[in-house]
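S.K.: My structure is in my_file_16.txt, and what it holds is compact mmCIF, C-alpha atoms and all ligand atoms:
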# COMPACT_ATOMS: atom_id res chain seq x y z
CA MET A 1 6.71 9.74 7.32
CA MET A 2 6.88 6.13 8.53
CA ILE A 3 5.77 3.53 6.00
CA ALA A 4 4.46 0.09 6.96
CA LEU A 5 5.58 -2.64 4.58
CA ALA A 6 3.79 -5.97 4.29
CA SER A 7 3.68 -8.81 1.81
CA ASP A 8 3.02 -12.48 1.42
CA HIS A 9 5.47 -14.86 -0.28
CA ALA A 10 4.35 -13.71 -3.74
CA GLY A 11 5.18 -10.10 -2.91
CA PHE A 12 8.32 -10.70 -0.88
CA ASN A 13 10.82 -9.72 -3.59
CA TYR A 14 9.12 -6.42 -4.36
CA LYS A 15 8.87 -5.69 -0.64
CA GLU A 16 12.65 -6.03 -0.42
CA ASN A 17 13.04 -3.79 -3.51
CA THR A 18 10.69 -1.25 -1.93
CA LYS A 19 12.95 -0.98 1.11
CA GLU A 20 15.85 0.02 -1.15
CA LEU A 21 13.66 2.47 -3.03
CA LEU A 22 12.44 4.10 0.19
CA ASP A 23 16.00 4.26 1.52
CA SER A 24 17.08 6.04 -1.65
CA LEU A 25 14.24 8.53 -1.17
CA GLY A 26 15.17 9.07 2.48
CA LEU A 27 11.88 7.62 3.76
CA ALA A 28 11.60 5.47 6.89
CA TRP A 29 9.86 2.09 6.88
CA LYS A 30 8.93 -0.75 9.20
CA ASP A 31 8.62 -4.29 7.90
CA TYR A 32 5.65 -6.34 9.15
CA GLY A 33 6.63 -9.44 7.17
CA THR A 34 6.67 -11.91 5.62
CA ASP A 35 10.38 -12.60 5.77
CA SER A 36 10.92 -15.11 2.96
CA THR A 37 9.31 -16.64 -0.11
CA ASP A 38 7.94 -19.54 1.97
CA ARG A 39 4.20 -19.83 1.45
CA VAL A 40 2.07 -17.80 3.89
CA ASP A 41 -1.42 -16.23 3.99
CA TYR A 42 -1.63 -12.59 2.88
CA PRO A 43 -4.39 -11.55 5.36
CA ASP A 44 -2.07 -12.17 8.32
CA PHE A 45 0.35 -9.52 7.08
CA ALA A 46 -2.32 -7.13 5.86
CA HIS A 47 -3.90 -7.17 9.33
CA LYS A 48 -0.61 -6.69 11.19
CA ALA A 49 0.48 -3.73 9.10
CA SER A 50 -3.00 -2.17 8.98
CA LYS A 51 -3.13 -2.22 12.78
CA ALA A 52 0.27 -0.52 12.90
CA ILE A 53 -1.13 2.31 10.77
CA LEU A 54 -4.33 2.62 12.80
CA GLU A 55 -2.40 2.60 16.08
CA GLY A 56 -0.16 5.42 14.83
CA GLU A 57 3.06 3.41 14.60
CA CYS A 58 3.11 4.15 10.87
CA ASP A 59 1.52 6.81 8.68
CA ARG A 60 0.92 4.91 5.47
CA GLY A 61 1.56 1.45 4.03
CA ILE A 62 2.78 -0.31 0.93
CA PHE A 63 1.41 -3.85 0.79
CA ILE A 64 2.37 -6.41 -1.85
CA CYS A 65 1.00 -9.80 -2.86
CA GLY A 66 0.73 -11.64 -6.15
CA THR A 67 -1.97 -9.38 -7.52
CA GLY A 68 -2.22 -6.66 -4.87
CA ILE A 69 -5.88 -7.53 -4.66
CA GLY A 70 -6.11 -10.05 -1.81
CA ILE A 71 -3.90 -8.00 0.47
CA SER A 72 -5.90 -4.84 -0.26
CA ILE A 73 -9.23 -6.58 0.37
CA ALA A 74 -7.95 -7.75 3.76
CA ALA A 75 -6.57 -4.30 4.62
CA ASN A 76 -9.84 -2.64 3.67
CA ARG A 77 -11.67 -4.65 6.34
CA HIS A 78 -10.13 -2.23 8.83
CA LYS A 79 -12.10 0.92 9.46
CA GLY A 80 -9.81 3.82 8.59
CA ILE A 81 -7.73 1.92 6.06
CA ARG A 82 -8.17 2.95 2.45
CA ALA A 83 -6.10 0.52 0.42
CA ALA A 84 -5.87 0.91 -3.34
CA ALA A 85 -4.50 -1.80 -5.61
CA CYS A 86 -2.82 0.05 -8.46
CA GLN A 87 -1.41 -1.32 -11.70
CA ILE A 88 -0.77 1.99 -13.42
CA GLU A 89 0.64 5.33 -12.28
CA GLU A 90 -2.58 7.18 -13.04
CA ALA A 91 -4.45 5.01 -10.54
CA ALA A 92 -1.84 5.83 -7.90
CA TYR A 93 -2.19 9.53 -8.70
CA TYR A 94 -5.98 9.63 -8.49
CA THR A 95 -6.29 7.42 -5.45
CA ARG A 96 -4.14 9.85 -3.48
CA LEU A 97 -5.78 12.93 -4.97
CA HIS A 98 -9.41 11.79 -4.59
CA ASN A 99 -9.50 8.90 -2.06
CA ASP A 100 -6.67 9.93 0.29
CA SER A 101 -5.60 6.28 0.20
CA ASN A 102 -3.31 5.41 3.06
CA VAL A 103 -2.24 2.02 1.71
CA LEU A 104 -0.90 1.30 -1.75
CA ALA A 105 -1.18 -2.33 -2.87
CA ILE A 106 0.98 -3.73 -5.65
CA GLY A 107 0.84 -7.08 -7.45
CA GLU A 108 4.28 -8.53 -7.99
CA ARG A 109 2.89 -10.99 -10.54
CA LEU A 110 1.12 -8.29 -12.53
CA VAL A 111 3.51 -5.38 -12.91
CA SER A 112 7.22 -5.12 -13.67
CA TRP A 113 9.43 -3.71 -10.94
CA GLU A 114 10.08 -0.64 -13.13
CA ALA A 115 6.34 0.00 -13.29
CA ALA A 116 5.94 -0.69 -9.56
CA GLU A 117 8.67 1.84 -8.83
CA ARG A 118 6.88 4.51 -10.87
CA ILE A 119 3.56 3.69 -9.18
CA ILE A 120 5.11 3.89 -5.70
CA LYS A 121 6.84 7.21 -6.43
CA MET A 122 3.66 8.71 -7.86
CA TRP A 123 1.65 7.54 -4.84
CA LEU A 124 4.20 8.97 -2.40
CA ASP A 125 4.47 12.29 -4.24
CA THR A 126 0.76 13.04 -4.61
CA ASP A 127 -1.22 14.91 -1.95
CA PHE A 128 -4.93 14.56 -1.19
CA GLU A 129 -6.85 17.30 -2.97
CA GLY A 130 -9.37 17.75 -0.13
CA GLY A 131 -12.31 20.01 -1.03
CA ARG A 132 -15.28 18.12 -2.47
CA HIS A 133 -13.50 14.81 -1.86
CA ILE A 134 -13.48 15.15 1.94
CA ILE A 135 -17.19 14.39 2.37
CA ARG A 136 -16.89 11.38 0.04
CA VAL A 137 -13.92 9.96 1.92
CA GLU A 138 -15.78 10.52 5.19
CA LYS A 139 -18.68 8.42 3.85
CA ILE A 140 -16.51 5.37 3.10
CA ASP A 141 -16.40 3.85 6.57
CA LEU A 142 -19.71 2.48 7.84
CA PRO A 143 -20.69 3.53 11.37
C1 LIG B 201 -0.72 -16.28 -3.57
O1 LIG B 201 -0.58 -17.36 -4.41
C2 LIG B 201 -1.70 -15.29 -4.15
O2 LIG B 201 -2.98 -15.82 -4.17
C3 LIG B 201 -1.67 -13.97 -3.40
O3 LIG B 201 -0.40 -13.47 -3.39
C4 LIG B 201 -2.53 -12.86 -3.94
O4 LIG B 201 -2.32 -12.69 -5.30
C5 LIG B 201 -3.95 -12.88 -3.58
O5 LIG B 201 -4.72 -11.97 -3.94
Could I get this file's structure written as structure tokens?
Ligand code: RB5
M.R.:
Amino acid sequence: MMIALASDHAGFNYKENTKELLDSLGLAWKDYGTDSTDRVDYPDFAHKASKAILEGECDRGIFICGTGIGISIAANRHKGIRAAACQIEEAAYYTRLHNDSNVLAIGERLVSWEAAERIIKMWLDTDFEGGRHIIRVEKIDLP
């Protein structure tokens, strides 16, 4: 599985931590920026990495900003992207199980790195349940 990583300046440090975490789990990643803590605009990176997922360069994404909210809103503008901003492990669990989310968004200013690590691992380890959730997921994107 290839994971697209994206952040703005406020999520840069956790994006770097996420690379180490994914390396330790033996998972491949591609970094779509940003590349420092210099101030940038989160939609630019959300759009770049979302396109990489939709074009098949990557399978899923982990996007990080200050809250995880702005970057997920921008990602969710793309048809086919289901980005979930999660602050607790249970949210990560259910958004994989029920929503088949393909992007996890984290807020570096809202959760500790220890919590972020648990959220990321839970999100990576949980499979979509399918069944009754398929029809609901199919109804998310507007024609
Ligand atoms: C940047 O200051 C901040 O607004 C951004 O990282 C994010 O939290 C937006 O939702």
S.K.: Please list as number ranges by chain every residue within 10 Å of Ala28 in chain A, counting all atoms listed in the file and excluding residues in the same chain fewer than 2 positions away.
M.R.: A: 1-4, 19, 22-23, 25-26, 30, 58
S.K.: Report as JSON lines: every residue of chain A with an atom at most 12 Å from ligand LIG 201 (chain B), its closest pair of atoms, and their distance in Å to one decimal, counting all atoms listed in the file, with rows sorted by chain and ascending residue number.
M.R.:
{"residue": "A:Ala6", "atom": "CA", "partner": "B:LIG201", "partner_atom": "O3", "distance": 11.5}
{"residue": "A:Ser7", "atom": "CA", "partner": "B:LIG201", "partner_atom": "O3", "distance": 8.1}
{"residue": "A:Asp8", "atom": "CA", "partner": "B:LIG201", "partner_atom": "O3", "distance": 6.0}
{"residue": "A:His9", "atom": "CA", "partner": "B:LIG201", "partner_atom": "O3", "distance": 6.8}
{"residue": "A:Ala10", "atom": "CA", "partner": "B:LIG201", "partner_atom": "O3", "distance": 4.8}
{"residue": "A:Gly11", "atom": "CA", "partner": "B:LIG201", "partner_atom": "O3", "distance": 6.5}
{"residue": "A:Phe12", "atom": "CA", "partner": "B:LIG201", "partner_atom": "O3", "distance": 9.5}
{"residue": "A:Asn13", "atom": "CA", "partner": "B:LIG201", "partner_atom": "O3", "distance": 11.8}
{"residue": "A:Tyr14", "atom": "CA", "partner": "B:LIG201", "partner_atom": "O3", "distance": 11.9}
{"residue": "A:Thr34", "atom": "CA", "partner": "B:LIG201", "partner_atom": "O3", "distance": 11.6}
{"residue": "A:Thr37", "atom": "CA", "partner": "B:LIG201", "partner_atom": "C1", "distance": 10.6}
{"residue": "A:Asp38", "atom": "CA", "partner": "B:LIG201", "partner_atom": "C1", "distance": 10.8}
{"residue": "A:Arg39", "atom": "CA", "partner": "B:LIG201", "partner_atom": "C1", "distance": 7.9}
{"residue": "A:Val40", "atom": "CA", "partner": "B:LIG201", "partner_atom": "C1", "distance": 8.1}
{"residue": "A:Asp41", "atom": "CA", "partner": "B:LIG201", "partner_atom": "C1", "distance": 7.6}
{"residue": "A:Tyr42", "atom": "CA", "partner": "B:LIG201", "partner_atom": "C3", "distance": 6.4}
{"residue": "A:Pro43", "atom": "CA", "partner": "B:LIG201", "partner_atom": "C5", "distance": 9.0}
{"residue": "A:Asp44", "atom": "CA", "partner": "B:LIG201", "partner_atom": "C3", "distance": 11.9}
{"residue": "A:Phe45", "atom": "CA", "partner": "B:LIG201", "partner_atom": "O3", "distance": 11.2}
{"residue": "A:Ala46", "atom": "CA", "partner": "B:LIG201", "partner_atom": "C5", "distance": 11.2}
{"residue": "A:Phe63", "atom": "CA", "partner": "B:LIG201", "partner_atom": "O3", "distance": 10.6}
{"residue": "A:Ile64", "atom": "CA", "partner": "B:LIG201", "partner_atom": "O3", "distance": 7.7}
{"residue": "A:Cys65", "atom": "CA", "partner": "B:LIG201", "partner_atom": "O3", "distance": 4.0}
{"residue": "A:Gly66", "atom": "CA", "partner": "B:LIG201", "partner_atom": "O4", "distance": 3.3}
{"residue": "A:Thr67", "atom": "CA", "partner": "B:LIG201", "partner_atom": "O4", "distance": 4.0}
{"residue": "A:Gly68", "atom": "CA", "partner": "B:LIG201", "partner_atom": "O5", "distance": 5.9}
{"residue": "A:Ile69", "atom": "CA", "partner": "B:LIG201", "partner_atom": "O5", "distance": 4.6}
{"residue": "A:Gly70", "atom": "CA", "partner": "B:LIG201", "partner_atom": "O5", "distance": 3.2}
{"residue": "A:Ile71", "atom": "CA", "partner": "B:LIG201", "partner_atom": "O5", "distance": 6.0}
{"residue": "A:Ser72", "atom": "CA", "partner": "B:LIG201", "partner_atom": "O5", "distance": 8.1}
{"residue": "A:Ile73", "atom": "CA", "partner": "B:LIG201", "partner_atom": "O5", "distance": 8.2}
{"residue": "A:Ala74", "atom": "CA", "partner": "B:LIG201", "partner_atom": "O5", "distance": 9.4}
{"residue": "A:Ala75", "atom": "CA", "partner": "B:LIG201", "partner_atom": "O5", "distance": 11.6}
{"residue": "A:Ala85", "atom": "CA", "partner": "B:LIG201", "partner_atom": "O5", "distance": 10.3}
{"residue": "A:Ala105", "atom": "CA", "partner": "B:LIG201", "partner_atom": "O5", "distance": 10.3}
{"residue": "A:Ile106", "atom": "CA", "partner": "B:LIG201", "partner_atom": "O4", "distance": 9.6}
{"residue": "A:Gly107", "atom": "CA", "partner": "B:LIG201", "partner_atom": "O4", "distance": 6.8}
{"residue": "A:Glu108", "atom": "CA", "partner": "B:LIG201", "partner_atom": "O3", "distance": 8.2}
{"residue": "A:Arg109", "atom": "CA", "partner": "B:LIG201", "partner_atom": "O4", "distance": 7.6}
{"residue": "A:Leu110", "atom": "CA", "partner": "B:LIG201", "partner_atom": "O4", "distance": 9.1}
S.K.: Using all atoms listed in the file, find each residue in range 15-73 of chain A having at least one atom no more than 10 Å away from range 119-136 of chain A; report its shortest atom-to-atom pair and that distance in Å (one decimal), rows by chain then rising number, as CSV.
M.R.:
residue,atom,partner,partner_atom,distance
A:Thr18,CA,A:Ile120,CA,8.5
A:Leu21,CA,A:Lys121,CA,9.0
A:Leu22,CA,A:Lys121,CA,9.2
A:Leu25,CA,A:Lys121,CA,9.2
A:Leu27,CA,A:Leu124,CA,9.9
A:Arg60,CA,A:Leu124,CA,9.4
A:Ile62,CA,A:Ile120,CA,8.2
S.K.: One decimal, Å: what's the distance from CA of Tyr94 in chain A over to CA of Lys48 in chain A, could you say?
M.R.: 26.1 Å
S.K.: For Leu142 in chain A, work out the shell of residues within 12 Å, counting only C-alpha atoms and skipping chain neighbours fewer than 3 positions away, then give it as a ChimeraX atom specification.
M.R.: /A:76-80,137-139
S.K.: Scan for residues within 6 Å of the point (-4.1, 3.9, 2.8) in the coordinates of the file, using only C-alpha atoms, and reply as a short mmCIF file (atom, residue, chain, number, x, y, z; two decimals) with C-alpha atoms, in the frame of the given file.
M.R.:
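Output file result_5.cif is given in full below:
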data_model
loop_
_atom_site.label_atom_id
_atom_site.label_comp_id
_atom_site.auth_asym_id
_atom_site.auth_seq_id
_atom_site.Cartn_x
_atom_site.Cartn_y
_atom_site.Cartn_z
CA ARG A 60 0.92 4.91 5.47
CA ILE A 81 -7.73 1.92 6.06
CA ARG A 82 -8.17 2.95 2.45
CA ALA A 83 -6.10 0.52 0.42
CA SER A 101 -5.60 6.28 0.20
CA ASN A 102 -3.31 5.41 3.06
CA VAL A 103 -2.24 2.02 1.71
#
S.K.: Would you work out the distance separating CA of Arg96 in chain A from CA of Glu57 in chain A, expressed in Å to one decimal?
M.R.: 20.5 Å
S.K.: Do you have the CA of Asn17 in chain A-CA of Ala116 in chain A distance handy?
M.R.: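 Computing it gives 9.8 Å between the two atoms.
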